[in-house]
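Shown next: entry.csv, given as CSV, C-alpha atoms.
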```csv
chain,number,residue,atom,x,y,z
A,1,ALA,CA,-11.3,13.9,-1.8
A,2,GLN,CA,-10.9,10.2,-1.2
A,3,LYS,CA,-11.1,8.5,2.1
A,4,VAL,CA,-11.1,5.0,3.5
A,5,THR,CA,-12.4,4.1,6.9
A,6,GLN,CA,-11.8,0.8,8.7
A,7,ALA,CA,-13.8,1.2,11.9
A,8,GLN,CA,-12.4,-1.9,13.5
A,9,THR,CA,-8.9,-1.2,14.8
A,10,GLU,CA,-8.5,-4.6,16.3
A,11,ILE,CA,-10.3,-7.9,16.2
A,12,SER,CA,-9.5,-11.1,18.1
A,13,VAL,CA,-11.0,-14.4,17.2
A,14,VAL,CA,-10.3,-18.0,18.0
A,15,GLU,CA,-9.0,-20.3,15.2
A,16,LYS,CA,-11.7,-21.7,12.9
A,17,GLU,CA,-14.0,-18.8,13.5
A,18,ASP,CA,-15.2,-16.7,10.6
A,19,VAL,CA,-14.3,-13.0,10.7
A,20,THR,CA,-15.3,-10.0,8.6
A,21,LEU,CA,-13.2,-6.9,8.2
A,22,ASP,CA,-15.2,-3.8,7.3
A,23,CYS,CA,-14.1,-1.1,4.8
A,24,VAL,CA,-16.1,2.0,3.9
A,25,TYR,CA,-14.8,4.4,1.3
A,26,GLU,CA,-15.6,7.9,0.0
A,27,THR,CA,-14.9,9.1,-3.5
A,28,ARG,CA,-16.3,11.5,-6.0
A,29,ASP,CA,-15.1,9.6,-8.9
A,30,THR,CA,-17.3,7.1,-10.8
A,31,THR,CA,-14.3,5.0,-11.7
A,32,TYR,CA,-12.1,3.9,-8.9
A,33,TYR,CA,-10.3,0.8,-7.6
A,34,LEU,CA,-10.4,-0.9,-4.3
A,35,PHE,CA,-7.8,-3.1,-2.7
A,36,TRP,CA,-7.0,-5.2,0.3
A,37,TYR,CA,-3.5,-5.7,1.5
A,38,LYS,CA,-2.2,-7.9,4.3
A,39,GLN,CA,0.7,-6.8,6.5
A,40,PRO,CA,2.1,-9.7,8.6
A,41,PRO,CA,4.4,-9.0,11.6
A,42,SER,CA,7.4,-9.2,9.2
A,43,GLY,CA,6.2,-5.9,7.7
A,44,GLU,CA,5.8,-6.4,4.0
A,45,LEU,CA,2.5,-5.5,2.3
A,46,VAL,CA,1.0,-8.4,0.5
A,47,PHE,CA,-1.6,-7.8,-2.2
A,48,LEU,CA,-4.8,-9.7,-1.8
A,49,ILE,CA,-7.3,-8.3,-4.2
A,50,ARG,CA,-8.1,-5.4,-6.6
A,51,ARG,CA,-11.6,-4.6,-7.7
A,52,ASN,CA,-12.8,-1.9,-10.0
A,53,SER,CA,-15.9,0.2,-9.4
A,54,PHE,CA,-17.8,-1.4,-12.4
A,55,ASP,CA,-17.4,-4.9,-11.1
A,56,GLU,CA,-19.7,-5.5,-8.2
A,57,GLN,CA,-19.4,-9.3,-8.4
A,58,ASN,CA,-18.4,-10.8,-5.1
A,59,GLU,CA,-15.2,-12.8,-5.2
A,60,ILE,CA,-14.1,-15.9,-3.4
A,61,SER,CA,-10.5,-17.1,-3.2
A,62,GLY,CA,-10.1,-20.1,-1.0
A,63,ARG,CA,-11.0,-19.0,2.6
A,64,TYR,CA,-11.1,-15.4,1.5
A,65,SER,CA,-14.2,-13.6,0.1
A,66,TRP,CA,-15.0,-10.0,-0.6
A,67,ASN,CA,-18.3,-8.3,-0.7
A,68,PHE,CA,-18.4,-5.1,-2.7
A,69,GLN,CA,-21.6,-3.0,-2.4
A,70,LYS,CA,-21.5,0.4,-4.2
A,71,SER,CA,-24.9,1.3,-2.6
A,72,THR,CA,-23.3,1.5,0.8
A,73,SER,CA,-19.7,2.3,-0.4
A,74,SER,CA,-18.4,-0.8,1.3
A,75,PHE,CA,-15.8,-3.4,0.4
A,76,ASN,CA,-15.8,-6.0,3.2
A,77,PHE,CA,-13.4,-8.9,3.5
A,78,THR,CA,-14.3,-12.2,5.1
A,79,ILE,CA,-12.0,-14.9,6.2
A,80,THR,CA,-13.7,-18.2,6.7
A,81,ALA,CA,-12.3,-20.8,9.2
A,82,SER,CA,-9.5,-18.4,10.3
A,83,GLN,CA,-6.1,-19.7,11.1
A,84,VAL,CA,-3.3,-18.4,13.3
A,85,VAL,CA,-1.3,-17.5,10.1
A,86,ASP,CA,-4.0,-15.0,9.2
A,87,SER,CA,-2.9,-12.9,12.1
A,88,ALA,CA,-1.8,-9.6,10.6
A,89,VAL,CA,-2.9,-6.0,9.9
A,90,TYR,CA,-5.2,-5.8,7.0
A,91,PHE,CA,-5.5,-2.6,5.0
A,92,CYS,CA,-8.2,-1.5,2.6
A,93,ALA,CA,-7.2,1.0,0.0
A,94,LEU,CA,-8.7,3.1,-2.7
A,95,SER,CA,-7.3,4.6,-5.9
A,96,GLU,CA,-9.2,7.0,-8.1
A,97,ALA,CA,-9.0,6.7,-11.9
A,98,ASN,CA,-8.2,10.4,-12.3
A,99,ASN,CA,-5.0,9.9,-10.5
A,100,ALA,CA,-2.0,9.7,-12.7
A,101,GLY,CA,-0.9,6.3,-11.6
A,102,ASN,CA,-1.6,3.9,-8.8
A,103,MET,CA,-1.7,6.4,-5.8
A,104,LEU,CA,-3.4,4.5,-3.0
A,105,THR,CA,-5.2,6.0,-0.1
A,106,PHE,CA,-5.2,3.5,2.8
A,107,GLY,CA,-7.6,3.0,5.6
A,108,GLY,CA,-6.2,2.9,9.1
A,109,GLY,CA,-5.9,-0.9,9.1
A,110,THR,CA,-7.5,-3.6,11.2
A,111,ARG,CA,-5.3,-5.8,13.4
A,112,LEU,CA,-6.5,-9.3,13.3
A,113,MET,CA,-5.4,-11.7,16.0
A,114,VAL,CA,-6.3,-15.3,15.6
A,115,LYS,CA,-5.7,-17.3,18.7
A,116,PRO,CA,-5.2,-21.1,18.7
B,1,ALA,CA,9.2,-14.2,-10.1
B,2,ALA,CA,11.2,-11.0,-9.5
B,3,GLY,CA,9.8,-8.6,-7.0
B,4,VAL,CA,10.4,-5.0,-6.0
B,5,ILE,CA,13.7,-4.8,-4.3
B,6,GLN,CA,14.4,-2.1,-1.6
B,7,SER,CA,17.7,-1.4,0.0
B,8,PRO,CA,18.8,-1.2,2.6
B,9,ARG,CA,16.2,-3.2,4.7
B,10,HIS,CA,17.2,-1.4,7.8
B,11,LEU,CA,18.9,1.9,8.4
B,12,ILE,CA,19.8,3.8,11.5
B,13,LYS,CA,20.7,7.5,11.3
B,14,GLU,CA,21.3,10.3,13.7
B,15,LYS,CA,19.3,13.5,13.7
B,16,ARG,CA,20.3,16.0,11.0
B,17,GLU,CA,22.0,13.3,9.0
B,18,THR,CA,21.0,12.3,5.4
B,19,ALA,CA,19.7,9.0,4.2
B,20,THR,CA,19.2,7.5,0.7
B,21,LEU,CA,16.7,4.7,0.1
B,22,LYS,CA,16.8,2.7,-3.1
B,23,CYS,CA,14.1,0.9,-5.0
B,24,TYR,CA,14.4,-1.4,-7.9
B,25,PRO,CA,11.1,-2.1,-9.6
B,26,ILE,CA,9.8,-5.3,-11.1
B,27,PRO,CA,11.3,-5.6,-14.6
B,28,ARG,CA,9.3,-3.8,-17.3
B,29,HIS,CA,7.4,-1.8,-14.6
B,30,ASP,CA,7.6,1.9,-15.6
B,31,THR,CA,6.0,3.5,-12.5
B,32,VAL,CA,7.4,3.8,-9.0
B,33,TYR,CA,5.6,5.0,-5.8
B,34,TRP,CA,7.0,5.8,-2.4
B,35,TYR,CA,5.0,5.4,0.8
B,36,GLN,CA,5.8,6.2,4.4
B,37,GLN,CA,4.3,4.2,7.3
B,38,GLY,CA,4.8,5.5,10.8
B,39,PRO,CA,4.6,3.3,13.8
B,40,GLY,CA,1.0,2.1,14.1
B,41,GLN,CA,-0.1,4.1,11.1
B,42,ASP,CA,-1.3,3.3,7.6
B,43,PRO,CA,1.0,3.9,4.7
B,44,GLN,CA,0.9,7.5,3.4
B,45,PHE,CA,1.7,8.3,-0.2
B,46,LEU,CA,4.8,10.4,-0.7
B,47,ILE,CA,5.5,10.6,-4.4
B,48,SER,CA,5.4,8.7,-7.7
B,49,PHE,CA,7.3,8.6,-11.0
B,50,TYR,CA,6.3,7.5,-14.4
B,51,GLU,CA,9.0,7.2,-17.1
B,52,LYS,CA,11.4,9.2,-15.0
B,53,MET,CA,9.1,12.1,-14.5
B,54,GLN,CA,7.2,12.9,-11.3
B,55,SER,CA,3.6,12.0,-11.8
B,56,ASP,CA,2.0,12.5,-8.4
B,57,LYS,CA,3.0,14.2,-5.1
B,58,GLY,CA,1.6,13.5,-1.7
B,59,SER,CA,2.6,14.6,1.7
B,60,ILE,CA,6.3,14.6,1.1
B,61,PRO,CA,8.3,17.0,3.2
B,62,ASP,CA,10.5,19.6,1.4
B,63,ARG,CA,13.5,17.9,3.1
B,64,PHE,CA,12.9,14.8,1.0
B,65,SER,CA,13.5,14.5,-2.7
B,66,ALA,CA,13.3,11.6,-5.1
B,67,GLN,CA,14.0,10.7,-8.6
B,68,GLN,CA,13.7,7.8,-11.1
B,69,PHE,CA,16.7,6.9,-13.2
B,70,SER,CA,17.0,5.7,-16.8
B,71,ASP,CA,17.0,2.0,-15.6
B,72,TYR,CA,13.7,2.8,-13.7
B,73,HIS,CA,15.1,2.4,-10.3
B,74,SER,CA,14.3,5.2,-7.9
B,75,GLU,CA,16.0,6.8,-4.9
B,76,LEU,CA,14.4,8.7,-2.0
B,77,ASN,CA,16.8,11.2,-0.5
B,78,MET,CA,16.1,12.4,3.0
B,79,SER,CA,18.0,15.3,4.5
B,80,SER,CA,18.1,16.9,7.9
B,81,LEU,CA,16.5,13.8,9.4
B,82,GLU,CA,14.2,14.3,12.4
B,83,LEU,CA,13.1,11.8,14.9
B,84,GLY,CA,9.6,11.8,13.3
B,85,ASP,CA,11.0,10.5,10.1
B,86,SER,CA,11.5,7.1,11.8
B,87,ALA,CA,9.2,4.9,9.8
B,88,LEU,CA,8.8,2.0,7.3
B,89,TYR,CA,9.3,3.3,3.8
B,90,PHE,CA,7.7,1.3,1.0
B,91,CYS,CA,8.4,1.4,-2.6
B,92,ALA,CA,5.9,0.0,-5.1
B,93,SER,CA,6.0,-0.5,-8.8
B,94,SER,CA,3.4,-1.0,-11.5
B,95,LEU,CA,2.8,-0.7,-15.2
B,96,TYR,CA,1.2,2.6,-15.9
B,97,TRP,CA,-2.3,2.9,-14.6
B,98,ASP,CA,-4.1,3.1,-17.9
B,99,ARG,CA,-3.4,-0.5,-18.6
B,100,SER,CA,-6.3,-2.6,-17.4
B,101,ASP,CA,-4.1,-5.3,-15.8
B,102,THR,CA,-2.0,-3.1,-13.7
B,103,GLU,CA,-1.7,-3.2,-9.9
B,104,ALA,CA,1.0,-2.0,-7.6
B,105,PHE,CA,3.4,-4.5,-6.1
B,106,PHE,CA,5.2,-3.5,-2.9
B,107,GLY,CA,8.7,-4.1,-1.8
B,108,GLN,CA,9.5,-5.3,1.7
B,109,GLY,CA,10.2,-1.9,2.9
B,110,THR,CA,13.1,0.0,4.5
B,111,ARG,CA,12.9,0.5,8.2
B,112,LEU,CA,14.5,3.8,9.0
B,113,THR,CA,15.3,4.7,12.6
B,114,VAL,CA,16.4,8.2,13.5
B,115,VAL,CA,18.1,8.5,16.8
```
Structure translated into structure tokens:
Amino acid sequence: AQKVTQAQTEISVVEKEDVTLDCVYETRDTTYYLFWYKQPPSGELVFLIRRNSFDEQNEISGRYSWNFQKSTSSFNFTITASQVVDSAVYFCALSEANNAGNMLTFGGGTRLMVKP
Amino acid sequence: AAGVIQSPRHLIKEKRETATLKCYPIPRHDTVYWYQQGPGQDPQFLISFYEKMQSDKGSIPDRFSAQQFSDYHSELNMSSLELGDSALYFCASSLYWDRSDTEAFFGQGTRLTVV
């Protein structure tokens, strides 16, 4: 069975601080996909990144970076120089390749509050 | 670019009533997924369809049913509504998973309130 754990339920930082959101996953599949989504107060789910299990390269996109480590089953997300607009709930999610389609299992989410 | 369209955006129903939520996927997407997100909860997978056939089923109550039509839009029908059904319902669409470039795009959600 697949499971995603986001141990940090809530994080509060001051603008311009760096912040890392943790994500630990469990799966029996050797092929799987990891995602991060952002859910701002308006409620929509915004896709941030998709990573497959064979690609352990870290990725940077502007102020966002992701650290995928299969050895520790973690897929952590770092926001550099945080801004107030980064305030949202962030979800890590997992999909196993043996699922027929893109069925996602979400973590419980981490609420990030960036204060001015 | 066209996104996933859900309607209505907000819906208020009384207990024991019926609700129908609609989802219009991104053009050319052949797979639709429904998720339920309760207050303060993470989204939970309900059901998915590929080419108008049910492909996966999650924790969808028997009171709920869904289908995908020939134009690929999908409807989630919810009967005998209960207070606990109050949630944000997301629809997502994608090209079928065995395409390497696929990912799921979510609609803005339908907020259902049962009173």
Residues of chain A within 9 Å of chain B, counting only C-alpha atoms, what are they? List them as a tab-separated table (two decimals) with C-alpha atoms, keeping the file's coordinate frame.
```tsv
chain	number	residue	atom	x	y	z
A	42	SER	CA	7.40	-9.20	9.20
A	43	GLY	CA	6.20	-5.90	7.70
A	44	GLU	CA	5.80	-6.40	4.00
A	45	LEU	CA	2.50	-5.50	2.30
A	46	VAL	CA	1.00	-8.40	0.50
A	47	PHE	CA	-1.60	-7.80	-2.20
A	50	ARG	CA	-8.10	-5.40	-6.60
A	91	PHE	CA	-5.50	-2.60	5.00
A	97	ALA	CA	-9.00	6.70	-11.90
A	99	ASN	CA	-5.00	9.90	-10.50
A	100	ALA	CA	-2.00	9.70	-12.70
A	101	GLY	CA	-0.90	6.30	-11.60
A	102	ASN	CA	-1.60	3.90	-8.80
A	103	MET	CA	-1.70	6.40	-5.80
A	104	LEU	CA	-3.40	4.50	-3.00
A	105	THR	CA	-5.20	6.00	-0.10
A	106	PHE	CA	-5.20	3.50	2.80
A	107	GLY	CA	-7.60	3.00	5.60
A	108	GLY	CA	-6.20	2.90	9.10
A	109	GLY	CA	-5.90	-0.90	9.10
```
- Residues within 12 Å of (-17.6, -11.2, -5.9), counting only C-alpha atoms, listed as a PyMOL selection string: chain A and resi 49-52+54-61+64-69+75-78
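Using only C-alpha atoms, the nearest neighbour of A:Thr30 within the list A:Gln83, A:Ile11, A:Ser73, A:Met113 is A:Ser73.
The neighbours of stretch 8-21 of chain B here are the residues that come within 9 Å of it, using all atoms listed in the file and leaving out any residue fewer than 4 positions away in the same chain; they are Ser74, Glu75, Leu76, Asn77, Met78, Ser79, Ser80, Leu81, Glu82, Leu83, Ser86, Tyr89, Gln108, Gly109, Thr110, Arg111, Leu112, Thr113, Val114 and Val115 of chain B.
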- Task: Record the distance separating atom CA of A:Gln39 and atom CA of A:Ser74, expressed in Å with one decimal.
- Result: 20.7 Å
Residue rebuild result stretch 80-91 of chain B, all heavy atoms as a tab-separated table (two decimals), keeping the file's coordinate frame:
```tsv
chain	number	residue	atom	x	y	z
B	80	SER	N	18.45	16.33	6.63
B	80	SER	CA	18.10	16.90	7.90
B	80	SER	C	17.10	16.05	8.68
B	80	SER	O	16.04	16.52	9.12
B	80	SER	CB	17.53	18.34	7.74
B	80	SER	OG	18.43	19.15	7.05
B	81	LEU	N	17.46	14.81	8.83
B	81	LEU	CA	16.50	13.80	9.40
B	81	LEU	C	16.07	14.26	10.80
B	81	LEU	O	16.84	14.82	11.59
B	81	LEU	CB	17.20	12.47	9.48
B	81	LEU	CG	17.34	11.75	8.13
B	81	LEU	CD1	18.24	10.53	8.27
B	81	LEU	CD2	15.99	11.37	7.58
B	82	GLU	N	14.81	13.98	11.05
B	82	GLU	CA	14.20	14.30	12.40
B	82	GLU	C	13.72	12.95	12.96
B	82	GLU	O	13.52	11.96	12.25
B	82	GLU	CB	13.00	15.22	12.15
B	82	GLU	CG	13.37	16.52	11.49
B	82	GLU	CD	12.14	17.36	11.16
B	82	GLU	OE1	11.00	16.91	11.38
B	82	GLU	OE2	12.34	18.50	10.66
B	83	LEU	N	13.52	12.97	14.27
B	83	LEU	CA	13.10	11.80	14.90
B	83	LEU	C	11.76	11.25	14.33
B	83	LEU	O	11.53	10.05	14.20
B	83	LEU	CB	12.87	12.02	16.44
B	83	LEU	CG	14.13	12.35	17.24
B	83	LEU	CD1	13.77	12.64	18.70
B	83	LEU	CD2	15.16	11.23	17.17
B	84	GLY	N	10.91	12.17	13.91
B	84	GLY	CA	9.60	11.80	13.30
B	84	GLY	C	9.68	11.15	11.98
B	84	GLY	O	8.67	10.69	11.46
B	85	ASP	N	10.88	11.15	11.39
B	85	ASP	CA	11.00	10.50	10.10
B	85	ASP	C	11.20	8.97	10.27
B	85	ASP	O	11.20	8.23	9.28
B	85	ASP	CB	12.26	11.04	9.36
B	85	ASP	CG	12.11	12.51	9.01
B	85	ASP	OD1	10.96	12.95	8.76
B	85	ASP	OD2	13.14	13.21	8.98
B	86	SER	N	11.35	8.54	11.51
B	86	SER	CA	11.50	7.10	11.80
B	86	SER	C	10.19	6.41	11.30
B	86	SER	O	9.09	6.73	11.77
B	86	SER	CB	11.67	6.83	13.26
B	86	SER	OG	12.90	7.37	13.68
B	87	ALA	N	10.33	5.50	10.38
B	87	ALA	CA	9.20	4.90	9.80
B	87	ALA	C	9.62	3.73	8.88
B	87	ALA	O	10.82	3.54	8.65
B	87	ALA	CB	8.37	5.89	8.93
B	88	LEU	N	8.62	3.03	8.36
B	88	LEU	CA	8.80	2.00	7.30
B	88	LEU	C	8.54	2.68	5.99
B	88	LEU	O	7.46	3.26	5.81
B	88	LEU	CB	7.91	0.83	7.59
B	88	LEU	CG	8.09	-0.46	6.81
B	88	LEU	CD1	9.51	-0.99	6.92
B	88	LEU	CD2	7.09	-1.50	7.32
B	89	TYR	N	9.49	2.65	5.10
B	89	TYR	CA	9.30	3.30	3.80
B	89	TYR	C	9.15	2.20	2.75
B	89	TYR	O	10.02	1.35	2.56
B	89	TYR	CB	10.51	4.19	3.47
B	89	TYR	CG	10.54	5.41	4.34
B	89	TYR	CD1	11.10	5.37	5.62
B	89	TYR	CD2	9.97	6.61	3.91
B	89	TYR	CE1	11.09	6.48	6.44
B	89	TYR	CE2	9.97	7.74	4.73
B	89	TYR	CZ	10.52	7.66	6.00
B	89	TYR	OH	10.50	8.76	6.81
B	90	PHE	N	8.02	2.26	2.08
B	90	PHE	CA	7.70	1.30	1.00
B	90	PHE	C	7.89	1.90	-0.33
B	90	PHE	O	7.53	3.04	-0.57
B	90	PHE	CB	6.28	0.78	1.15
B	90	PHE	CG	6.02	-0.14	2.28
B	90	PHE	CD1	5.34	0.28	3.40
B	90	PHE	CD2	6.45	-1.47	2.21
B	90	PHE	CE1	5.10	-0.58	4.45
B	90	PHE	CE2	6.20	-2.34	3.25
B	90	PHE	CZ	5.52	-1.89	4.38
B	91	CYS	N	8.39	1.08	-1.21
B	91	CYS	CA	8.40	1.40	-2.60
B	91	CYS	C	7.44	0.41	-3.29
B	91	CYS	O	7.37	-0.76	-2.89
B	91	CYS	CB	9.79	1.27	-3.18
B	91	CYS	SG	9.90	1.41	-4.97
```
